[in-house]
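Undergrad: Supplied structure: target-v6.cif, mmCIF, C-alpha atoms.
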data_data
loop_
_atom_site.group_PDB
_atom_site.id
_atom_site.type_symbol
_atom_site.label_atom_id
_atom_site.label_comp_id
_atom_site.auth_asym_id
_atom_site.auth_seq_id
_atom_site.Cartn_x
_atom_site.Cartn_y
_atom_site.Cartn_z
ATOM 1 C CA MET A 964 273.112 13.984 -0.894
ATOM 2 C CA SER A 965 276.215 12.838 1.009
ATOM 3 C CA ALA A 966 279.835 13.252 -0.052
ATOM 4 C CA ASP A 967 279.942 9.530 -0.939
ATOM 5 C CA THR A 968 277.961 8.106 -3.847
ATOM 6 C CA VAL A 969 278.127 4.696 -5.446
ATOM 7 C CA ASN A 970 278.226 3.917 -9.150
ATOM 8 C CA THR A 971 277.726 0.548 -10.856
ATOM 9 C CA ALA A 972 281.421 -0.479 -10.994
ATOM 10 C CA ASN A 973 281.879 -0.931 -7.219
ATOM 11 C CA GLU A 974 283.446 2.495 -7.097
ATOM 12 C CA VAL A 975 282.582 4.922 -4.359
ATOM 13 C CA ILE A 976 283.103 8.566 -5.193
ATOM 14 C CA GLU A 977 284.781 10.302 -2.253
ATOM 15 C CA ASP A 978 285.448 13.999 -2.586
ATOM 16 C CA GLY A 979 285.283 13.731 -6.381
ATOM 17 C CA ALA A 980 287.768 10.827 -6.713
ATOM 18 C CA PRO A 981 286.643 7.271 -7.493
ATOM 19 C CA VAL A 982 287.601 4.592 -4.980
ATOM 20 C CA SER A 983 287.605 1.048 -6.357
ATOM 21 C CA THR A 984 286.767 -1.543 -3.710
ATOM 22 C CA GLU A 985 286.903 -5.310 -3.783
ATOM 23 C CA ARG A 986 285.526 -7.859 -1.333
ATOM 24 C CA PHE A 987 288.007 -10.101 0.442
ATOM 25 C CA LEU A 988 287.490 -13.087 2.693
ATOM 26 C CA THR A 989 290.036 -12.895 5.505
ATOM 27 C CA PHE A 990 291.437 -15.885 7.335
ATOM 28 C CA SER A 991 294.237 -16.643 9.752
ATOM 29 C CA SER A 992 297.197 -18.909 9.206
ATOM 30 C CA ASP A 993 300.127 -19.153 11.631
ATOM 31 C CA GLY A 994 299.203 -15.835 13.251
ATOM 32 C CA LEU A 995 298.994 -14.014 9.904
ATOM 33 C CA ASN A 996 295.831 -12.335 8.644
ATOM 34 C CA ILE A 997 295.436 -13.182 4.965
ATOM 35 C CA GLY A 998 292.821 -12.052 2.486
ATOM 36 C CA VAL A 999 291.604 -13.739 -0.679
ATOM 37 C CA SER A 1000 289.333 -12.065 -3.218
ATOM 38 C CA THR A 1001 285.766 -13.311 -2.911
ATOM 39 C CA ASN A 1002 285.808 -13.532 -6.722
ATOM 40 C CA TYR A 1003 287.740 -16.799 -6.241
ATOM 41 C CA VAL A 1004 285.846 -18.189 -3.240
ATOM 42 C CA ILE A 1005 283.303 -20.924 -3.965
ATOM 43 C CA GLU A 1006 282.555 -22.084 -0.430
ATOM 44 C CA ILE A 1007 283.929 -22.788 3.022
ATOM 45 C CA ILE A 1008 283.692 -26.346 4.303
ATOM 46 C CA THR A 1009 284.472 -28.124 7.557
ATOM 47 C CA ASN A 1010 284.686 -31.765 8.613
ATOM 48 C CA HIS A 1011 285.350 -33.125 5.132
ATOM 49 C CA THR A 1012 287.289 -36.354 4.704
ATOM 50 C CA ILE A 1013 290.525 -35.833 2.788
ATOM 51 C CA THR A 1014 291.806 -38.798 0.774
ATOM 52 C CA MET A 1015 295.594 -39.042 0.904
ATOM 53 C CA VAL A 1016 297.467 -39.133 -2.404
ATOM 54 C CA PRO A 1017 300.943 -40.693 -2.650
ATOM 55 C CA LEU A 1018 304.030 -38.978 -4.057
ATOM 56 C CA VAL A 1019 302.905 -35.372 -3.642
ATOM 57 C CA PRO A 1020 304.620 -32.548 -1.741
ATOM 58 C CA ASP A 1021 303.921 -32.470 2.020
ATOM 59 C CA TYR A 1022 301.697 -29.385 1.703
ATOM 60 C CA VAL A 1023 299.285 -31.266 -0.588
ATOM 61 C CA LYS A 1024 297.134 -33.031 1.995
ATOM 62 C CA GLY A 1025 295.158 -35.008 -0.579
ATOM 63 C CA ILE A 1026 291.890 -34.671 -2.462
ATOM 64 C CA ILE A 1027 288.205 -34.393 -1.639
ATOM 65 C CA ASN A 1028 285.138 -35.265 -3.640
ATOM 66 C CA LEU A 1029 282.826 -32.271 -3.451
ATOM 67 C CA ARG A 1030 279.532 -33.075 -5.195
ATOM 68 C CA GLY A 1031 281.346 -35.135 -7.850
ATOM 69 C CA GLN A 1032 284.209 -32.657 -8.366
ATOM 70 C CA ILE A 1033 287.677 -33.874 -7.304
ATOM 71 C CA ILE A 1034 289.492 -31.017 -5.575
ATOM 72 C CA PRO A 1035 293.135 -31.055 -4.442
ATOM 73 C CA ILE A 1036 293.627 -29.768 -0.890
ATOM 74 C CA ILE A 1037 296.650 -27.708 0.140
ATOM 75 C CA ASP A 1038 297.582 -26.825 3.709
ATOM 76 C CA ILE A 1039 298.373 -23.130 3.261
ATOM 77 C CA ARG A 1040 300.586 -23.120 6.380
ATOM 78 C CA LEU A 1041 302.865 -25.786 4.935
ATOM 79 C CA ARG A 1042 302.766 -24.208 1.458
ATOM 80 C CA MET A 1043 304.084 -20.971 2.971
ATOM 81 C CA GLY A 1044 306.882 -22.798 4.802
ATOM 82 C CA LYS A 1045 305.276 -22.576 8.246
ATOM 83 C CA PRO A 1046 305.119 -25.424 10.773
ATOM 84 C CA SER A 1047 302.272 -27.918 10.750
ATOM 85 C CA ILE A 1048 299.720 -27.860 13.575
ATOM 86 C CA GLU A 1049 296.984 -30.161 14.773
ATOM 87 C CA TYR A 1050 293.690 -29.247 13.110
ATOM 88 C CA THR A 1051 291.042 -27.809 15.431
ATOM 89 C CA SER A 1052 287.317 -27.098 15.304
ATOM 90 C CA SER A 1053 288.055 -23.711 13.696
ATOM 91 C CA THR A 1054 290.212 -25.234 10.939
ATOM 92 C CA CYS A 1055 288.395 -25.233 7.613
ATOM 93 C CA ILE A 1056 288.856 -25.560 3.877
ATOM 94 C CA ILE A 1057 288.247 -22.615 1.569
ATOM 95 C CA VAL A 1058 287.365 -23.905 -1.910
ATOM 96 C CA LEU A 1059 288.643 -21.594 -4.637
ATOM 97 C CA ASN A 1060 287.999 -21.431 -8.387
ATOM 98 C CA ILE A 1061 291.060 -19.886 -10.016
ATOM 99 C CA ASN A 1062 290.717 -19.673 -13.796
ATOM 100 C CA SER A 1063 288.462 -22.781 -13.802
ATOM 101 C CA ILE A 1064 290.911 -24.720 -11.609
ATOM 102 C CA TYR A 1065 289.357 -25.800 -8.327
ATOM 103 C CA ILE A 1066 291.618 -26.011 -5.292
ATOM 104 C CA GLY A 1067 290.988 -26.129 -1.554
ATOM 105 C CA ILE A 1068 293.191 -24.450 1.028
ATOM 106 C CA ILE A 1069 293.246 -25.500 4.671
ATOM 107 C CA VAL A 1070 293.313 -22.445 6.953
ATOM 108 C CA ASP A 1071 293.446 -22.054 10.734
ATOM 109 C CA ALA A 1072 290.215 -20.028 10.904
ATOM 110 C CA VAL A 1073 288.019 -17.888 8.665
ATOM 111 C CA GLN A 1074 287.559 -14.355 9.988
ATOM 112 C CA GLN A 1075 285.321 -12.046 7.965
ATOM 113 C CA VAL A 1076 284.452 -10.557 4.583
ATOM 114 C CA MET A 1077 285.737 -7.020 4.079
ATOM 115 C CA ASP A 1078 285.412 -4.380 1.374
ATOM 116 C CA ILE A 1079 288.925 -3.085 0.736
ATOM 117 C CA ASP A 1080 289.947 -0.005 -1.236
ATOM 118 C CA GLN A 1081 292.362 -1.413 -3.831
ATOM 119 C CA SER A 1082 294.337 1.847 -3.998
ATOM 120 C CA LYS A 1083 295.338 1.391 -0.349
ATOM 121 C CA ILE A 1084 296.941 -2.023 -0.956
ATOM 122 C CA SER A 1085 300.732 -1.708 -0.772
ATOM 123 C CA PRO A 1086 303.365 -3.996 -2.233
ATOM 124 C CA VAL A 1087 305.130 -6.296 0.221
ATOM 125 C CA PRO A 1088 308.620 -4.955 1.120
ATOM 126 C CA VAL A 1089 311.310 -6.850 -0.804
ATOM 127 C CA GLU A 1090 313.026 -8.173 2.337
ATOM 128 C CA ASN A 1091 309.734 -9.711 3.538
ATOM 129 C CA GLN A 1092 308.437 -10.987 0.200
ATOM 130 C CA GLN A 1093 306.666 -14.293 0.136
ATOM 131 C CA GLU A 1094 305.959 -15.894 -3.224
ATOM 132 C CA LEU A 1095 302.243 -16.342 -2.526
ATOM 133 C CA ILE A 1096 301.604 -12.839 -1.153
ATOM 134 C CA ASN A 1097 301.081 -9.973 -3.596
ATOM 135 C CA GLY A 1098 300.118 -7.067 -1.344
ATOM 136 C CA MET A 1099 299.294 -5.872 2.143
ATOM 137 C CA ILE A 1100 297.214 -3.289 3.972
ATOM 138 C CA SER A 1101 296.904 -2.062 7.533
ATOM 139 C CA SER A 1102 293.442 -2.683 8.908
ATOM 140 C CA THR A 1103 291.562 -0.469 11.331
ATOM 141 C CA ASP A 1104 292.700 -2.463 14.379
ATOM 142 C CA ARG A 1105 296.374 -1.856 13.447
ATOM 143 C CA SER A 1106 296.874 -5.398 12.214
ATOM 144 C CA VAL A 1107 298.214 -6.113 8.740
ATOM 145 C CA ILE A 1108 296.289 -8.097 6.161
ATOM 146 C CA LEU A 1109 298.351 -9.882 3.512
ATOM 147 C CA PHE A 1110 296.768 -10.761 0.169
ATOM 148 C CA LEU A 1111 297.026 -14.241 -1.304
ATOM 149 C CA ASP A 1112 298.204 -14.393 -4.917
ATOM 150 C CA CYS A 1113 295.780 -17.033 -6.195
ATOM 151 C CA GLU A 1114 297.287 -17.123 -9.683
ATOM 152 C CA GLN A 1115 300.694 -17.951 -8.185
ATOM 153 C CA LEU A 1116 299.134 -20.555 -5.883
ATOM 154 C CA VAL A 1117 297.738 -22.474 -8.866
ATOM 155 C CA GLN A 1118 300.972 -22.185 -10.882
ATOM 156 C CA THR A 1119 303.136 -23.579 -8.106
ATOM 157 C CA TYR A 1120 300.981 -26.270 -6.551
#
Mind turning this structure into structure tokens?
TA:
Amino acid sequence: MSADTVNTANEVIEDGAPVSTERFLTFSSDGLNIGVSTNYVIEIITNHTITMVPLVPDYVKGIINLRGQIIPIIDIRLRMGKPSIEYTSSTCIIVLNINSIYIGIIVDAVQQVMDIDQSKISPVPVENQQELINGMISSTDRSVILFLDCEQLVQTY
């Protein structure tokens, strides 16, 4: 038997101490690597027509009809105060279900799904805090992954 075993609560036992992991979908936005818990992710879509809605903030790009469900679409770049860019073939919409509220976020590109040890997630330093980011971690390639605060996203959209 190896030093690592797995129990039913997504906890790996390493050297006698439980390690709680969670799956995150990572994506890029304005050069940042951002992760969102796969518990919120419904699907990733591309090439969907967005219907413009008047009198909404600039980061709300409109709505889509996804199999009869009307979903508001937010450009995450604009929501985080970053400049707008032309959408490319790698631009996509991540559809999220946050406490039974469906919302789509436009991201520059989806990267990968990762299992992340929750105990290794650090708070964002106060001087760099962003209202939609609730943690960060250094990944194996020395880049930093920021974690999207989905609850805050829904409260402020």
Undergrad: What lies within 7 Å of region 1107-1109 of chain A using all atoms listed in the file, ignoring chain neighbours under 3 positions off, as number ranges by chain?
TA: A: 996-998, 1096, 1098-1102
Undergrad: For the point (293.1, -19.3, -7.4) in the file's frame, write as a ChimeraX atom specification all residues with an atom no more than 6 Å away, counting all atoms listed in the file.
TA: /A:1059-1061,1113-1114,1117
Undergrad: Which value, in Å to one decimal, gives the distance between CA of Asn1010 (chain A) and CA of Leu1029 (chain A)?
TA: 12.2 Å
Undergrad: Just give me the gap between CA of Thr1103 (chain A) and CA of Asp1038 (chain A) in Å, one decimal is fine.
TA: 28.1 Å
Undergrad: Quick one, how far is CA of Val1019 (chain A) from CA of Ile1048 (chain A)?
TA: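 Rounded to one decimal, the two atoms are 19.1 Å apart.
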Undergrad: Excluding Ser992 (chain A) and residues on its chain fewer than 5 positions from it, collect all residues at most 8 Å away from it, counting only C-alpha atoms, and give them as a ChimeraX atom specification.
TA: /A:997,1039-1040,1070-1072
Undergrad: Selection in question (the file shown): the PyMOL selection byres ((chain A and resi 1037) around 8). Which residues does it include, as a PyMOL selection string?
TA: chain A and resi 1022-1025+1035-1036+1038-1039+1042+1066-1069
